[in-house]
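Participant: Sending over protein10.txt (compact mmCIF, C-alpha atoms and all ligand atoms).
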```
# COMPACT_ATOMS: atom_id res chain seq x y z
CA MET B 1 -15.22 24.65 14.58
CA PHE B 2 -18.53 22.82 14.19
CA GLN B 3 -19.69 22.67 17.83
CA SER B 4 -22.20 25.48 17.46
CA TYR B 5 -23.11 24.83 13.82
CA SER B 6 -26.51 23.29 13.02
CA PHE B 7 -25.87 21.13 10.00
CA THR B 8 -28.38 21.46 7.18
CA VAL B 9 -27.15 18.46 5.22
CA ALA B 10 -29.78 15.95 6.41
CA ALA B 11 -32.75 18.25 5.84
CA ARG B 12 -31.44 19.09 2.37
CA PHE B 13 -30.83 15.45 1.56
CA LEU B 14 -34.35 14.44 2.61
CA ARG B 15 -35.71 17.17 0.34
CA TYR B 16 -33.55 16.41 -2.71
CA VAL B 17 -34.21 12.66 -2.79
CA GLN B 18 -37.91 13.35 -3.28
CA THR B 19 -37.25 14.84 -6.72
CA ASP B 20 -36.96 12.11 -9.35
CA THR B 21 -33.76 12.61 -11.36
CA GLN B 22 -33.27 9.21 -12.99
CA SER B 23 -31.13 9.38 -16.13
CA ASP B 24 -31.85 7.31 -19.24
CA PRO B 25 -29.15 5.57 -21.31
CA GLN B 26 -31.54 5.20 -24.29
CA SER B 27 -32.08 8.95 -24.59
CA HIS B 28 -30.07 11.06 -27.03
CA THR B 29 -30.80 14.42 -25.42
CA TYR B 30 -28.71 16.48 -22.96
CA PRO B 31 -29.63 16.07 -20.20
CA SER B 32 -30.93 12.57 -20.95
CA THR B 33 -34.08 13.32 -18.95
CA GLU B 34 -35.55 16.80 -18.62
CA LYS B 35 -36.67 16.11 -15.03
CA GLN B 36 -33.07 16.31 -13.81
CA LYS B 37 -33.41 20.07 -14.29
CA ASN B 38 -36.11 20.16 -11.61
CA LEU B 39 -33.49 19.42 -8.96
CA GLY B 40 -31.04 21.76 -10.72
CA GLN B 41 -33.56 24.58 -10.36
CA ILE B 42 -34.19 23.83 -6.67
CA LEU B 43 -30.42 23.98 -6.06
CA VAL B 44 -30.02 27.25 -7.94
CA ASP B 45 -32.86 28.79 -5.92
CA GLU B 46 -31.36 27.59 -2.64
CA LEU B 47 -27.88 28.84 -3.60
CA LYS B 48 -29.31 32.24 -4.51
CA SER B 49 -31.18 32.48 -1.24
CA MET B 50 -27.86 31.84 0.53
CA GLY B 51 -26.50 34.86 -1.32
CA ILE B 52 -24.60 33.02 -4.07
CA SER B 53 -25.80 35.28 -6.82
CA ASP B 54 -24.09 33.73 -9.85
CA ALA B 55 -25.75 30.30 -9.46
CA THR B 56 -27.11 29.14 -12.82
CA LEU B 57 -28.64 26.11 -14.46
CA ASP B 58 -27.65 25.78 -18.12
CA SER B 59 -29.60 24.16 -20.95
CA PHE B 60 -27.63 20.89 -20.62
CA GLY B 61 -28.61 20.59 -16.96
CA TYR B 62 -25.36 21.67 -15.28
CA VAL B 63 -25.46 23.87 -12.18
CA TYR B 64 -22.52 26.29 -11.83
CA ALA B 65 -21.98 28.56 -8.83
CA SER B 66 -19.12 30.29 -7.05
CA ILE B 67 -18.34 31.33 -3.51
CA PRO B 68 -15.95 34.27 -3.84
CA GLY B 69 -12.64 33.93 -2.04
CA ASN B 70 -11.90 36.13 0.97
CA SER B 71 -8.22 35.26 1.43
CA PRO B 72 -5.55 37.89 0.78
CA LYS B 73 -3.38 35.15 -0.72
CA HIS B 74 -3.39 34.14 -4.36
CA LEU B 75 -4.99 30.71 -4.22
CA PRO B 76 -5.92 28.06 -6.76
CA VAL B 77 -9.64 27.79 -7.48
CA ILE B 78 -11.10 24.60 -6.00
CA CYS B 79 -14.24 22.93 -7.30
CA PHE B 80 -16.55 20.59 -5.41
CA CYS B 81 -18.64 18.42 -7.68
CA ALA B 82 -21.51 15.93 -7.35
CA HIS B 83 -24.00 14.39 -9.76
CA MET B 84 -27.73 14.98 -9.56
CA ASP B 85 -28.98 11.95 -11.50
CA THR B 86 -29.77 8.51 -10.07
CA ALA B 87 -29.08 5.13 -11.67
CA PRO B 88 -31.37 3.70 -14.36
CA ASP B 89 -31.15 0.28 -12.61
CA CYS B 90 -33.82 1.03 -10.01
CA SER B 91 -36.80 3.40 -9.77
CA GLY B 92 -36.17 6.84 -8.27
CA LYS B 93 -39.79 7.99 -8.44
CA ASN B 94 -41.75 8.91 -5.29
CA VAL B 95 -38.83 8.16 -3.01
CA LYS B 96 -40.06 8.15 0.61
CA PRO B 97 -36.99 8.55 2.81
CA ILE B 98 -37.19 7.19 6.35
CA VAL B 99 -34.92 8.27 9.21
CA HIS B 100 -34.04 5.48 11.65
CA LYS B 101 -32.82 7.42 14.66
CA ASN B 102 -30.16 6.01 16.94
CA TYR B 103 -29.78 2.82 14.88
CA SER B 104 -29.68 -0.24 17.16
CA GLY B 105 -27.95 -2.73 14.86
CA ALA B 106 -31.16 -4.71 14.30
CA ASP B 107 -32.52 -5.58 10.85
CA ILE B 108 -34.27 -2.71 9.10
CA VAL B 109 -37.46 -3.94 7.39
CA LEU B 110 -38.58 -1.56 4.67
CA PRO B 111 -42.34 -0.94 5.13
CA ASP B 112 -43.49 -0.75 1.50
CA ASP B 113 -41.89 -4.13 0.69
CA PRO B 114 -41.17 -6.16 3.84
CA SER B 115 -39.06 -8.61 1.78
CA GLN B 116 -36.48 -5.83 1.63
CA ILE B 117 -34.50 -6.24 4.83
CA ILE B 118 -31.31 -4.33 5.46
CA SER B 119 -29.16 -6.42 7.79
CA THR B 120 -25.66 -6.13 9.15
CA ASN B 121 -24.97 -9.56 7.62
CA ASP B 122 -25.43 -8.24 4.12
CA HIS B 123 -24.11 -4.77 4.96
CA PRO B 124 -21.22 -5.17 7.44
CA TYR B 125 -20.44 -1.43 7.41
CA LEU B 126 -23.74 -0.87 9.26
CA LYS B 127 -22.15 -2.47 12.34
CA GLU B 128 -19.83 0.53 12.52
CA ARG B 129 -22.82 2.87 12.34
CA VAL B 130 -24.76 1.65 15.40
CA GLY B 131 -25.95 4.74 17.25
CA ASP B 132 -26.07 6.86 14.10
CA ASP B 133 -29.23 8.11 12.41
CA ILE B 134 -29.65 6.02 9.26
CA ILE B 135 -31.72 7.07 6.27
CA THR B 136 -33.25 4.43 3.97
CA ALA B 137 -35.89 4.37 1.24
CA SER B 138 -39.22 2.64 1.89
CA GLY B 139 -38.74 -0.57 -0.11
CA THR B 140 -39.92 0.13 -3.66
CA THR B 141 -37.29 2.61 -4.86
CA LEU B 142 -33.64 3.39 -4.46
CA LEU B 143 -32.78 6.14 -1.99
CA GLY B 144 -30.64 8.31 -4.24
CA ALA B 145 -27.82 8.88 -1.75
CA ASP B 146 -25.70 8.26 -4.85
CA ASP B 147 -25.22 11.10 -5.33
CA LYS B 148 -27.72 13.42 -3.68
CA ALA B 149 -25.66 12.94 -0.54
CA GLY B 150 -22.76 14.58 -2.41
CA VAL B 151 -25.08 17.37 -3.54
CA ALA B 152 -26.42 17.98 -0.01
CA ILE B 153 -22.90 17.90 1.50
CA ILE B 154 -21.65 20.54 -0.93
CA MET B 155 -24.74 22.69 -0.28
CA ASP B 156 -24.15 22.52 3.48
CA MET B 157 -20.46 23.37 2.99
CA ALA B 158 -21.59 26.47 1.06
CA ASN B 159 -24.02 27.33 3.85
CA PHE B 160 -21.27 26.99 6.45
CA LEU B 161 -18.80 29.17 4.54
CA ILE B 162 -21.42 31.88 3.99
CA GLN B 163 -22.27 31.86 7.71
CA HIS B 164 -18.59 31.96 8.70
CA PRO B 165 -17.01 34.78 6.71
CA GLU B 166 -14.14 34.80 9.23
CA LEU B 167 -12.92 31.48 7.78
CA SER B 168 -10.32 32.33 5.15
CA HIS B 169 -10.51 30.51 1.81
CA GLY B 170 -9.94 30.95 -1.92
CA THR B 171 -12.61 30.97 -4.61
CA ILE B 172 -14.75 27.85 -4.39
CA LYS B 173 -16.65 26.60 -7.42
CA ILE B 174 -19.70 24.41 -7.09
CA LEU B 175 -20.63 22.06 -9.90
CA PHE B 176 -23.64 19.73 -10.09
CA THR B 177 -23.76 17.48 -13.14
CA PRO B 178 -26.48 15.43 -14.85
CA ASP B 179 -26.13 11.95 -16.43
CA GLU B 180 -23.13 10.63 -14.52
CA GLU B 181 -24.78 7.23 -14.14
CA ILE B 182 -24.98 6.79 -17.91
CA GLY B 183 -21.37 7.87 -18.47
CA ARG B 184 -22.17 11.28 -19.96
CA GLY B 185 -21.63 13.44 -16.90
CA VAL B 186 -18.92 15.61 -18.41
CA ASP B 187 -19.89 15.50 -22.10
CA LYS B 188 -21.29 19.03 -22.18
CA LEU B 189 -19.31 20.48 -19.29
CA ASP B 190 -17.80 23.89 -19.98
CA LEU B 191 -14.45 23.74 -18.18
CA LEU B 192 -13.57 27.32 -19.11
CA ARG B 193 -16.78 28.58 -17.63
CA LEU B 194 -16.15 26.53 -14.51
CA GLY B 195 -12.72 28.09 -14.20
CA ALA B 196 -11.32 25.75 -11.52
CA ASP B 197 -7.74 24.54 -11.05
CA PHE B 198 -8.46 21.42 -9.00
CA GLY B 199 -11.63 19.53 -8.19
CA TYR B 200 -13.05 16.95 -5.82
CA THR B 201 -16.07 14.78 -6.51
CA LEU B 202 -18.14 13.74 -3.50
CA ASP B 203 -19.32 10.31 -4.52
CA ALA B 204 -17.51 7.62 -2.50
CA GLY B 205 -18.92 5.42 0.28
CA GLU B 206 -17.64 4.69 3.79
CA ARG B 207 -16.58 7.55 6.04
CA GLY B 208 -12.97 8.56 5.58
CA THR B 209 -12.73 7.07 2.06
CA TYR B 210 -10.48 8.84 -0.39
CA GLU B 211 -10.14 7.55 -3.97
CA ASP B 212 -7.26 8.85 -6.02
CA GLU B 213 -7.10 5.97 -8.47
CA THR B 214 -9.22 4.46 -11.20
CA PHE B 215 -8.48 1.78 -13.74
CA SER B 216 -6.77 2.59 -17.00
CA ALA B 217 -8.86 1.21 -19.81
CA ASP B 218 -8.56 0.17 -23.45
CA ALA B 219 -10.94 -1.61 -25.78
CA VAL B 220 -9.70 -4.23 -28.27
CA THR B 221 -11.59 -5.42 -31.33
CA ILE B 222 -10.51 -8.52 -33.24
CA HIS B 223 -12.02 -9.48 -36.60
CA PHE B 224 -11.40 -13.05 -37.79
CA HIS B 225 -11.84 -13.57 -41.52
CA GLY B 226 -12.49 -17.19 -42.57
CA VAL B 227 -12.47 -18.69 -46.02
CA SER B 228 -15.97 -19.08 -47.42
CA ALA B 229 -17.17 -21.80 -49.72
CA HIS B 230 -20.47 -23.48 -50.55
CA PRO B 231 -20.90 -25.87 -47.62
CA GLY B 232 -21.88 -28.71 -49.97
CA TYR B 233 -18.56 -28.46 -51.79
CA ALA B 234 -16.37 -27.04 -49.03
CA LYS B 235 -14.09 -30.00 -48.31
CA ASP B 236 -10.52 -28.78 -47.71
CA LYS B 237 -11.55 -25.24 -48.64
CA LEU B 238 -13.84 -23.68 -46.04
CA VAL B 239 -12.42 -22.18 -42.86
CA ASN B 240 -15.21 -21.17 -40.48
CA ALA B 241 -14.47 -17.87 -38.70
CA ILE B 242 -16.96 -18.77 -35.93
CA LYS B 243 -14.86 -21.83 -35.05
CA VAL B 244 -11.66 -19.81 -35.20
CA ALA B 245 -13.11 -17.27 -32.77
CA ALA B 246 -14.41 -20.05 -30.52
CA ALA B 247 -10.98 -21.70 -30.41
CA PHE B 248 -9.41 -18.34 -29.64
CA ILE B 249 -11.79 -17.58 -26.74
CA ASP B 250 -11.31 -21.13 -25.44
CA SER B 251 -7.54 -20.58 -25.37
CA LEU B 252 -7.90 -17.76 -22.81
CA PRO B 253 -7.18 -18.64 -19.18
CA LYS B 254 -10.21 -19.31 -17.00
CA ASP B 255 -8.70 -18.79 -13.57
CA GLU B 256 -6.67 -15.62 -14.02
CA LEU B 257 -6.76 -12.28 -15.80
CA SER B 258 -10.56 -12.28 -15.78
CA PRO B 259 -13.00 -10.09 -13.85
CA GLU B 260 -14.46 -13.22 -12.25
CA SER B 261 -11.06 -14.28 -10.94
CA THR B 262 -9.45 -10.98 -9.91
CA GLU B 263 -9.90 -8.26 -7.28
CA ASP B 264 -8.00 -5.49 -5.53
CA ARG B 265 -5.14 -4.29 -7.70
CA TYR B 266 -5.24 -6.99 -10.38
CA GLY B 267 -6.29 -6.14 -13.91
CA PHE B 268 -8.04 -8.25 -16.53
CA VAL B 269 -8.74 -9.03 -20.18
CA HIS B 270 -12.45 -9.49 -20.64
CA PRO B 271 -14.41 -10.50 -23.78
CA VAL B 272 -17.63 -8.46 -23.72
CA ARG B 273 -19.23 -9.15 -27.09
CA THR B 274 -18.98 -11.48 -30.03
CA GLU B 275 -20.86 -11.50 -33.28
CA GLY B 276 -20.29 -13.41 -36.48
CA ILE B 277 -20.99 -15.57 -39.47
CA ALA B 278 -18.80 -18.25 -41.03
CA GLU B 279 -17.05 -15.66 -43.15
CA LYS B 280 -16.24 -13.13 -40.46
CA THR B 281 -16.49 -13.14 -36.67
CA THR B 282 -15.74 -10.26 -34.35
CA VAL B 283 -14.71 -10.45 -30.69
CA GLU B 284 -14.59 -7.33 -28.53
CA PHE B 285 -12.61 -7.01 -25.32
CA ILE B 286 -12.17 -4.55 -22.52
CA ILE B 287 -8.67 -4.37 -21.03
CA ARG B 288 -8.21 -2.99 -17.50
CA ASP B 289 -5.38 -2.35 -15.07
CA PHE B 290 -4.25 0.33 -12.63
CA VAL B 291 -0.85 0.43 -14.34
CA THR B 292 -1.31 1.86 -17.82
CA ALA B 293 1.83 0.14 -19.17
CA LYS B 294 0.30 -3.23 -18.34
CA LEU B 295 -2.49 -2.62 -20.85
CA LYS B 296 0.08 -2.86 -23.66
CA ALA B 297 1.49 -6.06 -22.16
CA TYR B 298 -2.01 -7.61 -21.99
CA GLU B 299 -2.69 -6.52 -25.55
CA ASP B 300 0.59 -8.05 -26.82
CA TRP B 301 -0.25 -11.25 -24.98
CA LEU B 302 -3.74 -11.28 -26.52
CA ARG B 303 -2.27 -10.71 -29.97
CA ASP B 304 0.09 -13.67 -29.47
CA LYS B 305 -2.87 -15.87 -28.51
CA MET B 306 -4.61 -14.74 -31.67
CA GLU B 307 -1.55 -15.55 -33.84
CA ASP B 308 -1.34 -19.02 -32.26
CA VAL B 309 -4.93 -19.73 -33.23
CA LEU B 310 -4.43 -18.44 -36.76
CA LYS B 311 -1.64 -21.01 -37.23
CA LYS B 312 -4.10 -23.79 -36.45
CA PHE B 313 -6.53 -22.55 -39.11
CA PRO B 314 -4.50 -21.90 -42.28
CA GLY B 315 -6.06 -19.40 -44.63
CA THR B 316 -7.61 -17.32 -41.81
CA THR B 317 -6.66 -13.68 -41.48
CA SER B 318 -7.40 -11.20 -38.71
CA GLU B 319 -7.37 -7.56 -37.71
CA PHE B 320 -6.49 -6.38 -34.21
CA THR B 321 -7.34 -2.83 -33.16
CA VAL B 322 -6.87 -1.05 -29.83
CA ARG B 323 -8.86 1.99 -28.72
CA GLU B 324 -8.02 4.04 -25.64
CA GLN B 325 -10.98 4.48 -23.27
CA TYR B 326 -9.76 6.27 -20.11
CA ARG B 327 -6.68 6.48 -17.89
CA ASN B 328 -5.92 6.13 -14.19
CA MET B 329 -6.39 9.59 -12.65
CA LYS B 330 -3.44 8.93 -10.35
CA GLU B 331 -1.08 9.69 -13.24
CA VAL B 332 -2.41 13.26 -13.17
CA LEU B 333 -2.74 13.49 -9.39
CA ASP B 334 0.87 12.42 -8.88
CA ILE B 335 1.93 15.61 -10.67
CA HIS B 336 -0.10 17.66 -8.14
CA PRO B 337 0.59 15.94 -4.80
CA GLN B 338 -1.03 18.77 -2.83
CA VAL B 339 -4.49 17.74 -4.14
CA SER B 340 -4.33 14.40 -2.31
CA GLY B 341 -2.15 15.67 0.52
CA HIS B 342 -4.67 18.34 1.50
CA ALA B 343 -7.63 15.94 1.19
CA VAL B 344 -5.99 13.35 3.43
CA GLU B 345 -5.19 16.02 6.00
CA ALA B 346 -8.77 17.33 5.88
CA ILE B 347 -10.20 13.87 6.58
CA GLN B 348 -7.82 13.48 9.52
CA ARG B 349 -8.60 16.93 10.86
CA ALA B 350 -12.29 16.03 10.83
CA GLY B 351 -11.30 13.20 13.19
CA MET B 352 -11.32 10.19 10.89
CA LYS B 353 -8.94 7.51 9.78
CA VAL B 354 -8.31 7.72 6.02
CA ARG B 355 -9.47 4.75 3.93
CA LEU B 356 -7.42 4.96 0.75
CA SER B 357 -9.22 3.23 -2.03
CA SER B 358 -9.00 2.55 -5.76
CA ALA B 359 -12.00 2.42 -8.08
CA ARG B 360 -12.09 -0.71 -10.24
CA GLY B 361 -13.76 1.27 -12.98
CA GLY B 362 -13.81 4.77 -14.40
CA THR B 363 -15.38 7.86 -12.87
CA ASP B 364 -16.25 11.30 -14.14
CA GLY B 365 -13.22 12.32 -12.13
CA SER B 366 -10.91 10.20 -14.26
CA ARG B 367 -12.20 11.92 -17.39
CA LEU B 368 -12.04 15.34 -15.73
CA SER B 369 -8.48 14.70 -14.57
CA PHE B 370 -7.34 14.16 -18.15
CA MET B 371 -9.44 17.08 -19.42
CA GLY B 372 -7.32 19.34 -17.22
CA LEU B 373 -9.15 19.28 -13.88
CA PRO B 374 -7.39 16.88 -11.50
CA CYS B 375 -10.34 15.45 -9.58
CA PRO B 376 -10.18 12.66 -6.96
CA ASN B 377 -13.18 11.35 -5.03
CA ILE B 378 -14.18 11.91 -1.38
CA PHE B 379 -16.65 9.90 0.76
CA THR B 380 -20.25 10.89 1.40
CA GLY B 381 -21.44 7.87 3.41
CA GLU B 382 -23.59 6.54 0.53
CA MET B 383 -23.83 2.74 0.73
CA ALA B 384 -25.45 -0.12 -1.22
CA PHE B 385 -26.27 2.27 -4.00
CA HIS B 386 -28.30 1.54 -7.17
CA GLY B 387 -30.70 -0.66 -5.20
CA LYS B 388 -33.63 -0.64 -2.79
CA GLN B 389 -31.40 -1.30 0.22
CA GLU B 390 -29.39 1.85 -0.26
CA TYR B 391 -28.72 3.64 3.03
CA ILE B 392 -26.72 6.47 4.51
CA SER B 393 -25.78 7.72 7.95
CA ILE B 394 -26.54 11.37 8.74
CA GLN B 395 -23.40 11.52 10.89
CA ASP B 396 -21.30 10.36 7.91
CA MET B 397 -22.73 13.14 5.76
CA GLN B 398 -21.93 15.67 8.49
CA LYS B 399 -18.36 14.36 8.65
CA ALA B 400 -18.10 14.88 4.89
CA VAL B 401 -19.29 18.50 5.30
CA GLU B 402 -16.59 19.03 7.94
CA THR B 403 -14.01 17.43 5.65
CA ILE B 404 -14.59 19.75 2.73
CA VAL B 405 -14.80 22.84 4.93
CA TYR B 406 -11.40 21.87 6.37
CA LEU B 407 -10.20 21.23 2.84
CA ALA B 408 -11.07 24.77 1.77
CA LYS B 409 -9.26 26.03 4.87
CA ILE B 410 -6.18 23.87 4.34
CA TRP B 411 -5.72 25.11 0.74
CA ASP B 412 -5.55 28.60 2.23
CA GLU B 413 -3.27 27.70 5.17
CA LYS B 414 -0.74 25.88 3.00
CA ALA B 415 -0.44 28.57 0.34
CA ASP B 416 2.42 31.10 0.46
ZN ZN P 1 -22.39 8.24 -8.08
```
How does this structure look as structure tokens?
Facilitator:
Amino acid sequence: MFQSYSFTVAARFLRYVQTDTQSDPQSHTYPSTEKQKNLGQILVDELKSMGISDATLDSFGYVYASIPGNSPKHLPVICFCAHMDTAPDCSGKNVKPIVHKNYSGADIVLPDDPSQIISTNDHPYLKERVGDDIITASGTTLLGADDKAGVAIIMDMANFLIQHPELSHGTIKILFTPDEEIGRGVDKLDLLRLGADFGYTLDAGERGTYEDETFSADAVTIHFHGVSAHPGYAKDKLVNAIKVAAAFIDSLPKDELSPESTEDRYGFVHPVRTEGIAEKTTVEFIIRDFVTAKLKAYEDWLRDKMEDVLKKFPGTTSEFTVREQYRNMKEVLDIHPQVSGHAVEAIQRAGMKVRLSSARGGTDGSRLSFMGLPCPNIFTGEMAFHGKQEYISIQDMQKAVETIVYLAKIWDEKAD
């Protein structure tokens, strides 16, 4: 299907990364930085020149566009989504992308800062990419493959579908979001306007990767109230809340149930902030697991630990509050097995082995899934993101274009 197609994904990618779209967590505006709209406008112009006439950039920085369906069947509307912003952790200004053709496997020394060396030791996935054309930045900035690769892949998919009207598919929605890196990527999203039934983000790494799971997440806040007294006359009266909190934190296990001691499918209970005076001390936790029911078990366990400490400090009282943060998207995706089934088949049809993966964190997709748009995550090839050694293989991006074209086709084939 792609033998005679000249992919446009690499040329697009090289263009998009040169527009600075860094988001800013300190900002209170939407989008957080106005410059993100510069890329939004470029994308709208390119979509329009392809013939996608409804492409628009709204005041919050979202790009919405649709490719009308041409299938006689009644099909669900599928959305492909990527974020335009880059991480605040590393500069995204004046990015100078470099193409390393036919990568040999040798170290890549970045010319603008020769101390930045991309080696297969630090980046074992590169060993699999020998022979590919690898794109890097020049040493002083990130590359922005996260997630301009996703943007470029979706744009090339649109280009392919427009050039191949004989390929039958339903209505495809395109969505580019701002501010994903600062956790606000869906805050101002208009789901009604988008009008999609199912979505896929393109924002995962190694070729063939499919992520249908994220953590489920709660936050716990504990306030310890001590008994205050003038320290000069406090004998047998004062109970210091700082010491109560310290004893409580010390009672937590060091070698399990912590982010520093867990990986893969294990969850954790993690103190993230503490603040206090003798009278009152607060400890905040984040609670994470792939199994939502386990959050409650961790919270009950944490509450028991708290009660144990209270017994050792008579007179102390406490408050324990739980706040829901986000939930594992798999709970939603399990209700719609075709979303993952079709994606897995598309990856295989594009000639790859599927790498099923779970995100030990939350994504815009997990929020979208619970807002009513089931939305797992597909690979783009982006690697080592948020830093100067970020890289991507052009062949991986092309495979991702093939994958989502097949995906559009499969949704049509499998419908009644
Ligand atoms: Zn991303």
Participant: Quick one: residues within 6 Å of (-9.8, -2.2, -17.4) (file frame), counting all atoms listed in the file, please, as a list in words.
Facilitator: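 Residues found, by chain and rising number: Phe215, Ser216, Ala217, Ile287, Arg288 and Asp289 of chain B.
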Participant: Residues of chain B that approach ligand ZN 1 (chain P) to 7 Å or less, counting all atoms listed in the file: could you list each one with the shortest pair of atoms and its distance in Å to one decimal, rows by chain and increasing residue number, as a Markdown table?
Facilitator:
```
| residue | atom | partner | partner_atom | distance |
| --- | --- | --- | --- | --- |
| B:His83 | CA | P:ZN1 | ZN | 6.6 |
| B:Asp146 | CA | P:ZN1 | ZN | 4.6 |
| B:Asp147 | CA | P:ZN1 | ZN | 4.9 |
| B:Glu180 | CA | P:ZN1 | ZN | 6.9 |
| B:Glu181 | CA | P:ZN1 | ZN | 6.6 |
| B:Asp203 | CA | P:ZN1 | ZN | 5.1 |
```
Participant: Within 8 Å of range 115-125 of chain B, counting all atoms listed in the file, which residues qualify if same-chain residues fewer than 2 places away don't, as a list of chain:residue names?
Facilitator: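 Returned residues: B:Gly105, B:Ala106, B:Asp107, B:Ile108, B:Val109, B:Leu110, B:Asp113, B:Lys127, B:Glu128, B:Arg129, B:Gly139, B:Glu206, B:Ala384, B:Lys388, B:Gln389.
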Participant: Could you state the separation of CA of Phe13 in chain B and CA of Val405 in chain B in Å, given to one decimal place?
Facilitator: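 Value for the CA of Phe13 in chain B-CA of Val405 in chain B distance: 18.0 Å.
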Participant: Name all residues at most 10 Å from Pro314 in chain B (count only C-alpha atoms; drop same-chain ones fewer than 5 positions away) and give them as a list of chain:residue names.
Facilitator: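 Listing them by chain and then by number gives B:Gly226, B:Val227, B:Val239, B:Val309.
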Participant: Neighbours of Trp411 in chain B within 8 Å (all atoms listed in the file; same-chain residues fewer than 6 positions away dropped), as an MDAnalysis selection string?
Facilitator: chainID B and resid 75 169:170 342
Participant: Please write as a PyMOL selection string the list of polymer residues whose atoms come within 9 Å of (-31.3, 10.5, -10.9), counting only C-alpha atoms and keeping to the coordinates of the file.
Facilitator: chain B and resi 17+19-24+33+35-36+83-88+92+144+146-148+178-181
Participant: Using only C-alpha atoms, pick whichever of B:Asp197, B:Glu213, B:Glu324, B:Glu263 has the shortest atom-to-atom distance to Leu373 in chain B.
Facilitator: B:Asp197
Participant: Which of these residues is nearest to Leu126 in chain B, using all atoms listed in the file: B:Phe290, B:Tyr103, B:Tyr30, B:Phe320?
Facilitator: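 Looking only at the distances to Leu126 in chain B, the closest residue turns out to be B:Tyr103.
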Participant: All heavy atoms are what I want for range 342-346 of chain B; can you complete it accordingly and write them as a PDB file, in the frame of the given file?
Facilitator:
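File written: part_35.pdb
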```pdb
ATOM      1  N   HIS B 342      -3.726  17.497   0.753  1.00  0.00           N
ATOM      2  CA  HIS B 342      -4.670  18.340   1.500  1.00  0.00           C
ATOM      3  C   HIS B 342      -5.938  17.560   1.854  1.00  0.00           C
ATOM      4  O   HIS B 342      -6.508  17.734   2.938  1.00  0.00           O
ATOM      5  CB  HIS B 342      -5.046  19.577   0.678  1.00  0.00           C
ATOM      6  CG  HIS B 342      -3.885  20.519   0.449  1.00  0.00           C
ATOM      7  ND1 HIS B 342      -2.641  20.310   0.986  1.00  0.00           N
ATOM      8  CD2 HIS B 342      -3.794  21.675  -0.272  1.00  0.00           C
ATOM      9  CE1 HIS B 342      -1.827  21.292   0.612  1.00  0.00           C
ATOM     10  NE2 HIS B 342      -2.499  22.134  -0.150  1.00  0.00           N
ATOM     11  N   ALA B 343      -6.392  16.702   0.933  1.00  0.00           N
ATOM     12  CA  ALA B 343      -7.630  15.940   1.190  1.00  0.00           C
ATOM     13  C   ALA B 343      -7.423  14.973   2.356  1.00  0.00           C
ATOM     14  O   ALA B 343      -8.281  14.866   3.238  1.00  0.00           O
ATOM     15  CB  ALA B 343      -8.063  15.190  -0.060  1.00  0.00           C
ATOM     16  N   VAL B 344      -6.284  14.298   2.344  1.00  0.00           N
ATOM     17  CA  VAL B 344      -5.990  13.350   3.430  1.00  0.00           C
ATOM     18  C   VAL B 344      -5.930  14.090   4.760  1.00  0.00           C
ATOM     19  O   VAL B 344      -6.498  13.665   5.773  1.00  0.00           O
ATOM     20  CB  VAL B 344      -4.669  12.601   3.113  1.00  0.00           C
ATOM     21  CG1 VAL B 344      -4.126  11.913   4.347  1.00  0.00           C
ATOM     22  CG2 VAL B 344      -4.894  11.584   1.982  1.00  0.00           C
ATOM     23  N   GLU B 345      -5.281  15.242   4.761  1.00  0.00           N
ATOM     24  CA  GLU B 345      -5.190  16.020   6.000  1.00  0.00           C
ATOM     25  C   GLU B 345      -6.566  16.494   6.467  1.00  0.00           C
ATOM     26  O   GLU B 345      -6.864  16.496   7.671  1.00  0.00           O
ATOM     27  CB  GLU B 345      -4.249  17.227   5.791  1.00  0.00           C
ATOM     28  CG  GLU B 345      -4.133  18.026   7.076  1.00  0.00           C
ATOM     29  CD  GLU B 345      -2.950  18.982   7.106  1.00  0.00           C
ATOM     30  OE1 GLU B 345      -2.071  18.888   6.227  1.00  0.00           O
ATOM     31  OE2 GLU B 345      -2.943  19.819   8.024  1.00  0.00           O
ATOM     32  N   ALA B 346      -7.420  16.867   5.511  1.00  0.00           N
ATOM     33  CA  ALA B 346      -8.770  17.330   5.880  1.00  0.00           C
ATOM     34  C   ALA B 346      -9.572  16.221   6.537  1.00  0.00           C
ATOM     35  O   ALA B 346     -10.279  16.446   7.524  1.00  0.00           O
ATOM     36  CB  ALA B 346      -9.495  17.860   4.636  1.00  0.00           C
TER      37      ALA B 346
END
```
